[in-house]
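Data block for structure-v2.cif (mmCIF, C-alpha atoms):
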data_upload
loop_
_atom_site.label_atom_id
_atom_site.label_comp_id
_atom_site.auth_asym_id
_atom_site.auth_seq_id
_atom_site.Cartn_x
_atom_site.Cartn_y
_atom_site.Cartn_z
CA MET F 225 28.00 5.39 24.02
CA VAL F 226 25.31 7.87 24.99
CA VAL F 227 22.07 7.60 23.06
CA GLN F 228 19.88 10.67 22.93
CA LEU F 229 16.19 9.92 23.23
CA SER F 230 13.92 11.31 20.57
CA ASN F 231 10.51 12.83 21.18
CA PRO F 232 7.80 11.61 18.78
CA GLY F 233 6.53 14.34 16.51
CA GLN F 234 9.62 16.57 16.69
CA GLY F 235 11.54 16.59 13.41
CA SER F 236 10.01 13.30 12.33
CA ARG F 237 7.65 11.99 9.70
CA SER F 238 4.89 9.41 9.90
CA ILE F 239 5.77 5.84 8.88
CA SER F 240 3.00 3.43 7.86
CA VAL F 241 3.81 -0.17 8.85
CA PHE F 242 1.99 -3.47 9.26
CA VAL F 243 1.80 -4.82 12.82
CA VAL F 244 1.48 -8.61 13.16
CA SER F 245 0.99 -10.51 16.42
CA PRO F 246 -0.41 -13.97 17.27
CA SER F 247 -3.93 -12.54 17.47
CA THR F 248 -3.92 -9.27 15.47
CA GLN F 249 -2.98 -7.88 12.07
CA SER F 250 -3.32 -4.21 11.24
CA GLU F 251 -1.84 -1.24 9.42
CA ARG F 252 -0.55 1.51 11.73
CA ALA F 253 1.29 4.83 11.47
CA PHE F 254 4.00 5.91 13.93
CA PRO F 255 6.42 8.88 14.05
CA SER F 256 9.87 7.98 12.76
CA SER F 257 11.38 9.52 15.91
CA MET F 258 9.44 7.21 18.24
CA THR F 259 11.71 5.06 20.39
CA ILE F 260 11.24 1.31 20.67
CA ALA F 261 10.23 1.77 24.31
CA GLN F 262 7.53 4.22 23.27
CA LEU F 263 6.50 1.92 20.42
CA LYS F 264 6.01 -0.99 22.83
CA SER F 265 3.60 1.10 24.87
CA LYS F 266 1.52 1.69 21.76
CA LEU F 267 1.73 -1.97 20.72
CA GLN F 268 0.45 -3.13 24.11
CA LEU F 269 -2.87 -1.40 23.34
CA ILE F 270 -2.95 -2.95 19.86
CA THR F 271 -1.82 -6.51 20.57
CA GLY F 272 -2.63 -7.00 24.26
CA ILE F 273 0.96 -8.12 24.94
CA ASN F 274 2.60 -6.47 27.94
CA THR F 275 5.55 -4.22 27.08
CA SER F 276 7.96 -6.28 29.19
CA SER F 277 6.97 -9.44 27.29
CA GLN F 278 7.16 -8.05 23.76
CA ARG F 279 9.81 -9.30 21.36
CA LEU F 280 9.86 -7.15 18.21
CA ALA F 281 11.31 -8.06 14.83
CA LEU F 282 11.41 -6.01 11.64
CA HIS F 283 10.66 -7.83 8.37
CA GLN F 284 10.21 -7.00 4.73
CA PRO F 285 6.66 -7.71 3.52
CA THR F 286 6.08 -10.52 1.02
CA SER F 287 2.32 -10.36 0.68
CA ALA F 288 -0.72 -8.66 2.12
CA THR F 289 -4.22 -9.89 1.38
CA SER F 290 -7.64 -9.59 2.86
CA TYR F 291 -6.87 -12.62 5.00
CA GLU F 292 -3.23 -12.50 5.96
CA ILE F 293 -0.20 -10.23 6.15
CA THR F 294 2.90 -12.33 5.53
CA GLU F 295 6.26 -11.15 6.82
CA GLY F 296 9.22 -11.80 4.56
CA ALA F 297 12.98 -11.49 5.00
CA PHE F 298 14.16 -10.70 8.52
CA ILE F 299 15.77 -7.26 8.80
CA ALA F 300 16.53 -6.66 12.47
CA ALA F 301 15.48 -7.39 16.04
CA LEU F 302 14.10 -4.20 17.57
CA ASN F 303 15.58 -4.88 21.00
CA ASP F 304 17.28 -1.56 21.84
CA GLU F 305 14.54 0.44 23.54
CA ASP F 306 16.52 3.70 23.30
CA ARG F 307 16.79 3.62 19.52
CA THR F 308 14.14 5.09 17.25
CA LEU F 309 12.29 3.68 14.26
CA SER F 310 14.43 5.97 12.11
CA ASP F 311 17.61 4.56 13.71
CA TYR F 312 16.53 1.08 12.64
CA GLY F 313 15.72 2.25 9.11
CA VAL F 314 12.03 1.38 9.34
CA LYS F 315 10.23 2.48 6.17
CA ASP F 316 6.70 2.54 4.81
CA GLY F 317 5.29 -0.92 4.15
CA ASP F 318 7.63 -2.80 6.51
CA VAL F 319 6.25 -5.44 8.89
CA ILE F 320 6.80 -5.29 12.66
CA LYS F 321 6.21 -8.72 14.15
CA VAL F 322 5.24 -8.76 17.83
CA ASN F 323 5.58 -11.97 19.83
CA PRO F 324 5.42 -12.67 23.58
CA ASP F 325 8.64 -13.90 25.14
CA SER F 326 7.52 -17.50 25.66
CA GLU F 327 5.26 -20.13 24.13
CA THR F 328 3.56 -20.56 27.48
CA LEU F 329 2.55 -16.91 27.55
CA ALA F 330 1.38 -17.07 23.95
CA SER F 331 -0.88 -20.04 24.58
CA SER F 332 -2.31 -18.55 27.77
CA LEU F 333 -3.12 -15.25 26.05
CA TYR F 334 -4.45 -16.41 22.73
CA THR F 335 -6.01 -19.87 23.16
CA PHE F 336 -9.76 -19.75 22.55
CA VAL F 337 -12.61 -22.04 21.59
CA GLU F 338 -14.37 -21.20 18.36
CA ASP F 339 -18.15 -20.97 18.69
CA PRO F 340 -19.78 -22.32 15.50
CA ASN F 341 -22.98 -20.41 16.34
CA VAL F 342 -21.26 -17.02 16.16
CA LYS F 343 -21.55 -15.44 12.73
CA LYS F 344 -18.12 -14.45 11.44
CA PHE F 345 -17.37 -11.22 9.63
CA GLU F 346 -16.13 -12.05 6.14
CA LEU F 347 -15.60 -10.06 2.96
CA THR F 348 -15.62 -11.29 -0.61
CA ASP F 349 -12.66 -10.42 -2.82
CA GLU F 350 -14.59 -7.65 -4.55
CA GLU F 351 -15.96 -6.22 -1.28
CA TYR F 352 -12.44 -6.13 0.17
CA ALA F 353 -11.03 -4.59 -3.01
CA GLY F 354 -13.66 -1.86 -2.94
CA ARG F 355 -12.59 -0.59 0.48
CA ARG F 356 -10.06 2.24 0.83
CA ASP F 357 -8.78 1.50 4.37
CA THR F 358 -7.07 -1.82 3.65
CA VAL F 359 -3.58 -3.15 3.00
CA MET F 360 -4.48 -3.71 -0.65
CA ALA F 361 -5.58 -0.09 -1.03
CA TYR F 362 -2.37 1.10 0.64
CA LYS F 363 -0.24 -0.99 -1.74
CA ALA F 364 -2.21 0.27 -4.74
CA ARG F 365 -1.81 3.92 -3.66
CA ASN F 366 1.93 3.49 -3.15
CA LYS F 367 2.54 1.20 -6.15
CA ILE F 368 3.93 -1.62 -4.01
CA GLY F 369 4.31 -5.24 -5.13
CA ARG F 370 2.08 -6.31 -7.99
CA PHE F 371 0.67 -2.79 -8.25
CA ALA F 372 4.05 -1.37 -9.24
CA GLU F 373 3.93 -2.97 -12.69
CA ALA F 374 0.21 -2.37 -13.11
CA ALA F 375 0.64 1.35 -12.41
CA THR F 376 2.95 1.79 -15.40
CA SER F 377 1.04 -0.39 -17.85
CA ASP F 378 -1.74 0.59 -20.22
CA GLY F 379 -4.23 -1.52 -18.33
CA SER F 380 -3.93 -4.53 -20.63
CA ALA F 381 -3.72 -8.01 -19.15
CA THR F 382 -0.16 -8.73 -20.33
CA SER F 383 0.42 -11.42 -17.68
CA LEU F 384 -3.05 -12.96 -17.95
CA PRO F 385 -2.98 -16.65 -18.99
CA PRO F 386 -4.36 -16.94 -22.54
CA ASP F 387 -6.86 -19.65 -21.57
CA ILE F 388 -8.74 -17.33 -19.20
CA LYS F 389 -11.34 -15.96 -21.58
CA VAL F 390 -15.07 -15.45 -21.73
CA GLY F 391 -16.90 -18.75 -22.17
CA ALA F 392 -14.20 -20.92 -20.58
CA ARG F 393 -15.11 -23.34 -17.81
CA VAL F 394 -13.32 -22.45 -14.59
CA LYS F 395 -12.71 -23.85 -11.13
CA VAL F 396 -12.15 -21.13 -8.52
CA THR F 397 -9.79 -22.22 -5.75
CA PRO F 398 -10.68 -21.42 -2.12
CA ALA F 399 -9.43 -18.14 -0.69
CA THR F 400 -9.51 -19.37 2.92
CA GLU F 401 -9.70 -22.67 4.80
CA ARG F 402 -13.43 -22.09 5.31
CA ASP F 403 -14.01 -21.45 1.61
CA ILE F 404 -14.94 -24.09 -0.98
CA GLU F 405 -14.02 -24.80 -4.57
CA ARG F 406 -16.53 -23.30 -6.99
CA ILE F 407 -17.13 -24.20 -10.62
CA GLY F 408 -18.67 -22.00 -13.25
CA THR F 409 -18.20 -20.19 -16.54
CA VAL F 410 -16.07 -17.11 -17.21
CA LYS F 411 -18.34 -14.23 -18.19
CA PHE F 412 -16.01 -11.23 -17.81
CA VAL F 413 -12.26 -10.58 -17.96
CA GLY F 414 -10.78 -7.13 -17.56
CA SER F 415 -10.40 -4.04 -15.45
CA THR F 416 -13.18 -2.77 -13.17
CA GLU F 417 -14.21 0.40 -11.41
CA PHE F 418 -14.28 -1.18 -7.95
CA ALA F 419 -10.57 -2.06 -7.74
CA PRO F 420 -7.31 -1.85 -9.74
CA GLY F 421 -5.90 -4.74 -11.72
CA ILE F 422 -7.52 -7.46 -13.81
CA TRP F 423 -10.59 -9.33 -12.50
CA VAL F 424 -12.41 -12.44 -13.69
CA GLY F 425 -16.19 -12.45 -13.48
CA VAL F 426 -17.66 -15.92 -12.99
CA HIS F 427 -21.22 -17.23 -13.39
CA TYR F 428 -21.22 -20.12 -10.91
CA ASP F 429 -23.16 -23.34 -11.51
CA GLU F 430 -24.71 -23.05 -8.05
CA PRO F 431 -25.87 -20.09 -5.91
CA VAL F 432 -22.51 -19.77 -4.14
CA GLY F 433 -21.71 -16.26 -5.33
CA LYS F 434 -22.33 -12.80 -3.93
CA ASN F 435 -23.96 -10.86 -6.76
CA ASP F 436 -25.65 -10.88 -10.17
CA GLY F 437 -22.57 -9.77 -12.09
CA SER F 438 -22.71 -6.21 -10.81
CA VAL F 439 -20.68 -4.36 -8.16
CA GLU F 440 -21.56 -0.94 -6.73
CA GLY F 441 -24.23 -0.41 -9.39
CA LYS F 442 -21.97 -1.27 -12.35
CA GLN F 443 -23.10 -4.30 -14.40
CA TYR F 444 -20.13 -6.25 -15.80
CA PHE F 445 -22.08 -9.37 -16.85
CA THR F 446 -25.54 -10.80 -16.20
CA CYS F 447 -26.55 -13.82 -14.14
CA PRO F 448 -29.09 -14.66 -11.42
CA ILE F 449 -28.50 -13.16 -7.99
CA LYS F 450 -26.05 -15.16 -5.83
CA TYR F 451 -24.64 -16.88 -8.92
CA GLY F 452 -22.02 -14.24 -9.74
CA GLY F 453 -18.62 -13.39 -8.32
CA PHE F 454 -15.31 -11.67 -9.12
CA VAL F 455 -11.93 -13.25 -8.41
CA LYS F 456 -8.29 -12.64 -9.27
CA PRO F 457 -6.83 -14.61 -12.20
CA GLU F 458 -4.42 -16.54 -9.95
CA ARG F 459 -7.40 -18.30 -8.31
CA CYS F 460 -8.74 -19.55 -11.65
CA GLN F 461 -8.11 -23.04 -13.05
CA ILE F 462 -9.39 -23.39 -16.58
CA GLY F 463 -10.45 -26.89 -17.67
CA ASP F 464 -13.20 -29.11 -18.99
CA TRP F 465 -15.10 -28.95 -15.72
CA ALA F 466 -18.43 -30.75 -15.79
CA SER F 467 -21.52 -28.78 -14.84
CA LEU F 468 -23.74 -29.86 -11.97
CA ASP F 469 -26.44 -30.95 -14.44
CA ASP F 470 -23.93 -33.14 -16.31
CA GLU F 471 -22.88 -34.84 -13.08
CA LEU F 472 -26.51 -35.53 -12.12
CA ASP F 473 -27.23 -36.98 -15.56
CA PHE F 474 -24.18 -39.23 -15.26
CA GLU F 475 -25.25 -40.52 -11.86
CA SER F 476 -28.73 -41.34 -13.11
CA GLU F 477 -27.51 -43.56 -15.95
#

Starting from the coordinates I provided, produce the structure as structure tokens.
Amino acid sequence: MVVQLSNPGQGSRSISVFVVSPSTQSERAFPSSMTIAQLKSKLQLITGINTSSQRLALHQPTSATSYEITEGAFIAALNDEDRTLSDYGVKDGDVIKVNPDSETLASSLYTFVEDPNVKKFELTDEEYAGRRDTVMAYKARNKIGRFAEAATSDGSATSLPPDIKVGARVKVTPATERDIERIGTVKFVGSTEFAPGIWVGVHYDEPVGKNDGSVEGKQYFTCPIKYGGFVKPERCQIGDWASLDDELDFESE
């Protein structure tokens, strides 16, 4: 069989995909007529993995957050360098997973020692949600995943647990391994101007927040600076959580 090579940009459209490797995660756009060989050349600049060592696999996405892009069901191994992205049926939102061809190579390329003195770049949930160049923003624009249902609703919190309401005591589960559990009181539940979907505003018991109940100049509730934060409902555990003052009083008895 003779396979005709395609030239990127000629009779093709741009496909937006998520590229995942052992050390990188990013959203990229490639022409649908780009061959796998040409794609590998681009991926070498993105991932640092030599073209001859790349092993590509196409997956459906299952989730994409500010911290991790998770590949879902396996679709195909992109191992025919003469075929194009269009030939493989790659579509917007798919995940291309890039791995080196051996565990030895992976460890030699990506092993590093974390320096605790280096300040890490981190975003809060609301800061991430307010950006327009992220995976979340892409999914919201294209009505993918949880945004598909939200885009056709009237904005009401139909799937919101009934116990998440203003005045309830809440424990906020960590978003990352470096994060901590936080306890406070629900002060706001509803839609916001900084991001789509339903958000829960929390007045924390301690100064472990990022704001005073306002984001981008909009005041959603009031609390001291550093005591406020906004999180998604799935991170909220409603219960009879004791306040810090209650715990101190108990210990002093």

- request: Taking the point (-12.5, -23.0, -6.1) as given in the file, collect each protein or nucleic acid residue that comes within 9 Å of it, counting only C-alpha atoms, and present the set as a VMD selection string.
  value: chain F and resid 394 to 399 403 to 407 459 to 461

message: the PyMOL selection byres ((chain F and resi 411) around 12) - which residues does that actually catch in the file I just gave you? List them as a ChimeraX atom specification.
response: /F:388-394,408-410,412-414,423-428,436-438,443-447,451-455

- request: Find the spatial neighbours of range 242-248 of chain F, counting all atoms listed in the file, within a cut-off of 6 Å - ignore same-chain residues fewer than 5 positions away - and output them as JSON, numbers by chain.
  value: {"F": [319, 320, 321, 322, 323]}

- request: Could you check how far CA of Asp349 in chain F sits from CA of Lys442 in chain F, in Å to one decimal?
  value: 16.2 Å

- prompt: Once the PyMOL selection byres ((chain F and resi 240) around 10) has been applied to the shown file, what residues remain in the selection, as JSON, numbers by chain?
  reply: {"F": [237, 238, 239, 241, 242, 243, 251, 252, 253, 254, 255, 256, 314, 315, 316, 317, 318, 319, 362]}

message: Which residues are close to range 266-273 of chain F, i.e. within 7 Å by only C-alpha atoms, leaving aside same-chain residues fewer than 3 positions away? Reply as a ChimeraX atom specification.
response: /F:245,248,262-263,277-278,324

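Interatomic distance, CA of Ala300 in chain F against CA of Asp325 in chain F: 16.6 Å.
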
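When all atoms listed in the file are used to compute distances to Ala361 in chain F, the closest of the residues F:Arg307, F:Phe418, F:Arg402, F:Thr348 turns out to be F:Phe418.
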
task: Mind giving me the straight-line distance from CA of Leu280 in chain F to CA of Thr308 in chain F in Å, one decimal?
output: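 One can read the CA of Leu280 in chain F to CA of Thr308 in chain F distance as 13.0 Å.
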
message: Could you list, as a PyMOL selection string, every residue within 9 Å of Ile299 in chain F, counting only C-alpha atoms and ignoring same-chain residues fewer than 6 positions away?
response: chain F and resi 281-284

Pick from F:Ala301, F:Thr416, F:Ser467, F:Pro457, whichever lies nearest to Pro386 in chain F using all atoms listed in the file: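 Residue with the minimum atom-to-atom distance to Pro386 in chain F: F:Pro457.
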
Hey, can I get the axis-aligned box for range 239-250 of chain F? All listed atoms, 4 Å padding on each side, centre and edge lengths in Å to one decimal, as JSON.
{"center_x": 0.9, "center_y": -4.1, "center_z": 12.7, "size_x": 17.7, "size_y": 27.8, "size_z": 17.6}

Atoms are missing here; could range 277-288 of chain F be completed with all heavy atoms and written as a PDB file, keeping the file's coordinate frame?
ATOM      1  N   SER F 277       6.978  -8.114  27.917  1.00  0.00           N
ATOM      2  CA  SER F 277       6.970  -9.440  27.290  1.00  0.00           C
ATOM      3  C   SER F 277       7.116  -9.378  25.779  1.00  0.00           C
ATOM      4  O   SER F 277       7.236 -10.421  25.132  1.00  0.00           O
ATOM      5  CB  SER F 277       5.659 -10.164  27.624  1.00  0.00           C
ATOM      6  OG  SER F 277       5.501 -10.330  29.013  1.00  0.00           O
ATOM      7  N   GLN F 278       7.107  -8.171  25.215  1.00  0.00           N
ATOM      8  CA  GLN F 278       7.160  -8.050  23.760  1.00  0.00           C
ATOM      9  C   GLN F 278       8.548  -8.335  23.207  1.00  0.00           C
ATOM     10  O   GLN F 278       9.552  -7.868  23.748  1.00  0.00           O
ATOM     11  CB  GLN F 278       6.730  -6.644  23.335  1.00  0.00           C
ATOM     12  CG  GLN F 278       5.277  -6.322  23.572  1.00  0.00           C
ATOM     13  CD  GLN F 278       4.942  -4.894  23.181  1.00  0.00           C
ATOM     14  OE1 GLN F 278       5.653  -4.269  22.380  1.00  0.00           O
ATOM     15  NE2 GLN F 278       3.864  -4.366  23.739  1.00  0.00           N
ATOM     16  N   ARG F 279       8.586  -9.080  22.126  1.00  0.00           N
ATOM     17  CA  ARG F 279       9.810  -9.300  21.360  1.00  0.00           C
ATOM     18  C   ARG F 279       9.512  -8.853  19.939  1.00  0.00           C
ATOM     19  O   ARG F 279       8.698  -9.463  19.240  1.00  0.00           O
ATOM     20  CB  ARG F 279      10.224 -10.783  21.395  1.00  0.00           C
ATOM     21  CG  ARG F 279      10.569 -11.277  22.799  1.00  0.00           C
ATOM     22  CD  ARG F 279      11.787 -10.552  23.368  1.00  0.00           C
ATOM     23  NE  ARG F 279      12.099 -10.958  24.730  1.00  0.00           N
ATOM     24  CZ  ARG F 279      11.700 -10.325  25.816  1.00  0.00           C
ATOM     25  NH1 ARG F 279      10.936  -9.238  25.692  1.00  0.00           N
ATOM     26  NH2 ARG F 279      12.019 -10.748  27.019  1.00  0.00           N
ATOM     27  N   LEU F 280      10.164  -7.767  19.496  1.00  0.00           N
ATOM     28  CA  LEU F 280       9.860  -7.150  18.210  1.00  0.00           C
ATOM     29  C   LEU F 280      10.895  -7.514  17.157  1.00  0.00           C
ATOM     30  O   LEU F 280      12.096  -7.539  17.438  1.00  0.00           O
ATOM     31  CB  LEU F 280       9.797  -5.624  18.354  1.00  0.00           C
ATOM     32  CG  LEU F 280       8.913  -5.058  19.469  1.00  0.00           C
ATOM     33  CD1 LEU F 280       8.885  -3.543  19.396  1.00  0.00           C
ATOM     34  CD2 LEU F 280       7.513  -5.622  19.406  1.00  0.00           C
ATOM     35  N   ALA F 281      10.418  -7.764  15.954  1.00  0.00           N
ATOM     36  CA  ALA F 281      11.310  -8.060  14.830  1.00  0.00           C
ATOM     37  C   ALA F 281      10.809  -7.319  13.605  1.00  0.00           C
ATOM     38  O   ALA F 281       9.604  -7.260  13.349  1.00  0.00           O
ATOM     39  CB  ALA F 281      11.369  -9.554  14.569  1.00  0.00           C
ATOM     40  N   LEU F 282      11.729  -6.745  12.852  1.00  0.00           N
ATOM     41  CA  LEU F 282      11.410  -6.010  11.640  1.00  0.00           C
ATOM     42  C   LEU F 282      11.615  -6.916  10.429  1.00  0.00           C
ATOM     43  O   LEU F 282      12.656  -7.553  10.286  1.00  0.00           O
ATOM     44  CB  LEU F 282      12.300  -4.769  11.531  1.00  0.00           C
ATOM     45  CG  LEU F 282      12.059  -3.838  10.343  1.00  0.00           C
ATOM     46  CD1 LEU F 282      10.680  -3.202  10.418  1.00  0.00           C
ATOM     47  CD2 LEU F 282      13.148  -2.765  10.287  1.00  0.00           C
ATOM     48  N   HIS F 283      10.606  -6.981   9.562  1.00  0.00           N
ATOM     49  CA  HIS F 283      10.660  -7.830   8.370  1.00  0.00           C
ATOM     50  C   HIS F 283      10.269  -7.021   7.144  1.00  0.00           C
ATOM     51  O   HIS F 283       9.547  -6.025   7.238  1.00  0.00           O
ATOM     52  CB  HIS F 283       9.697  -9.009   8.488  1.00  0.00           C
ATOM     53  CG  HIS F 283      10.050 -10.004   9.545  1.00  0.00           C
ATOM     54  ND1 HIS F 283      10.660 -11.206   9.265  1.00  0.00           N
ATOM     55  CD2 HIS F 283       9.885  -9.967  10.886  1.00  0.00           C
ATOM     56  CE1 HIS F 283      10.831 -11.874  10.393  1.00  0.00           C
ATOM     57  NE2 HIS F 283      10.367 -11.145  11.397  1.00  0.00           N
ATOM     58  N   GLN F 284      10.728  -7.496   5.992  1.00  0.00           N
ATOM     59  CA  GLN F 284      10.210  -7.000   4.730  1.00  0.00           C
ATOM     60  C   GLN F 284       8.885  -7.706   4.452  1.00  0.00           C
ATOM     61  O   GLN F 284       8.734  -8.878   4.790  1.00  0.00           O
ATOM     62  CB  GLN F 284      11.186  -7.279   3.579  1.00  0.00           C
ATOM     63  CG  GLN F 284      12.496  -6.524   3.672  1.00  0.00           C
ATOM     64  CD  GLN F 284      13.443  -6.901   2.546  1.00  0.00           C
ATOM     65  OE1 GLN F 284      13.250  -7.904   1.874  1.00  0.00           O
ATOM     66  NE2 GLN F 284      14.472  -6.095   2.346  1.00  0.00           N
ATOM     67  N   PRO F 285       7.923  -7.033   3.839  1.00  0.00           N
ATOM     68  CA  PRO F 285       6.660  -7.710   3.520  1.00  0.00           C
ATOM     69  C   PRO F 285       6.808  -8.563   2.267  1.00  0.00           C
ATOM     70  O   PRO F 285       7.543  -8.205   1.345  1.00  0.00           O
ATOM     71  CB  PRO F 285       5.699  -6.544   3.289  1.00  0.00           C
ATOM     72  CG  PRO F 285       6.582  -5.449   2.781  1.00  0.00           C
ATOM     73  CD  PRO F 285       7.910  -5.618   3.473  1.00  0.00           C
ATOM     74  N   THR F 286       6.113  -9.704   2.233  1.00  0.00           N
ATOM     75  CA  THR F 286       6.080 -10.520   1.020  1.00  0.00           C
ATOM     76  C   THR F 286       4.707 -10.517   0.395  1.00  0.00           C
ATOM     77  O   THR F 286       4.564 -10.590  -0.807  1.00  0.00           O
ATOM     78  CB  THR F 286       6.491 -11.975   1.301  1.00  0.00           C
ATOM     79  OG1 THR F 286       5.646 -12.500   2.351  1.00  0.00           O
ATOM     80  CG2 THR F 286       7.928 -12.043   1.757  1.00  0.00           C
ATOM     81  N   SER F 287       3.673 -10.440   1.228  1.00  0.00           N
ATOM     82  CA  SER F 287       2.320 -10.360   0.680  1.00  0.00           C
ATOM     83  C   SER F 287       1.394  -9.785   1.721  1.00  0.00           C
ATOM     84  O   SER F 287       1.647  -9.860   2.907  1.00  0.00           O
ATOM     85  CB  SER F 287       1.824 -11.746   0.249  1.00  0.00           C
ATOM     86  OG  SER F 287       1.631 -12.581   1.382  1.00  0.00           O
ATOM     87  N   ALA F 288       0.306  -9.203   1.231  1.00  0.00           N
ATOM     88  CA  ALA F 288      -0.720  -8.660   2.120  1.00  0.00           C
ATOM     89  C   ALA F 288      -2.058  -8.809   1.432  1.00  0.00           C
ATOM     90  O   ALA F 288      -2.299  -8.191   0.408  1.00  0.00           O
ATOM     91  CB  ALA F 288      -0.434  -7.195   2.435  1.00  0.00           C
TER      92      ALA F 288
END
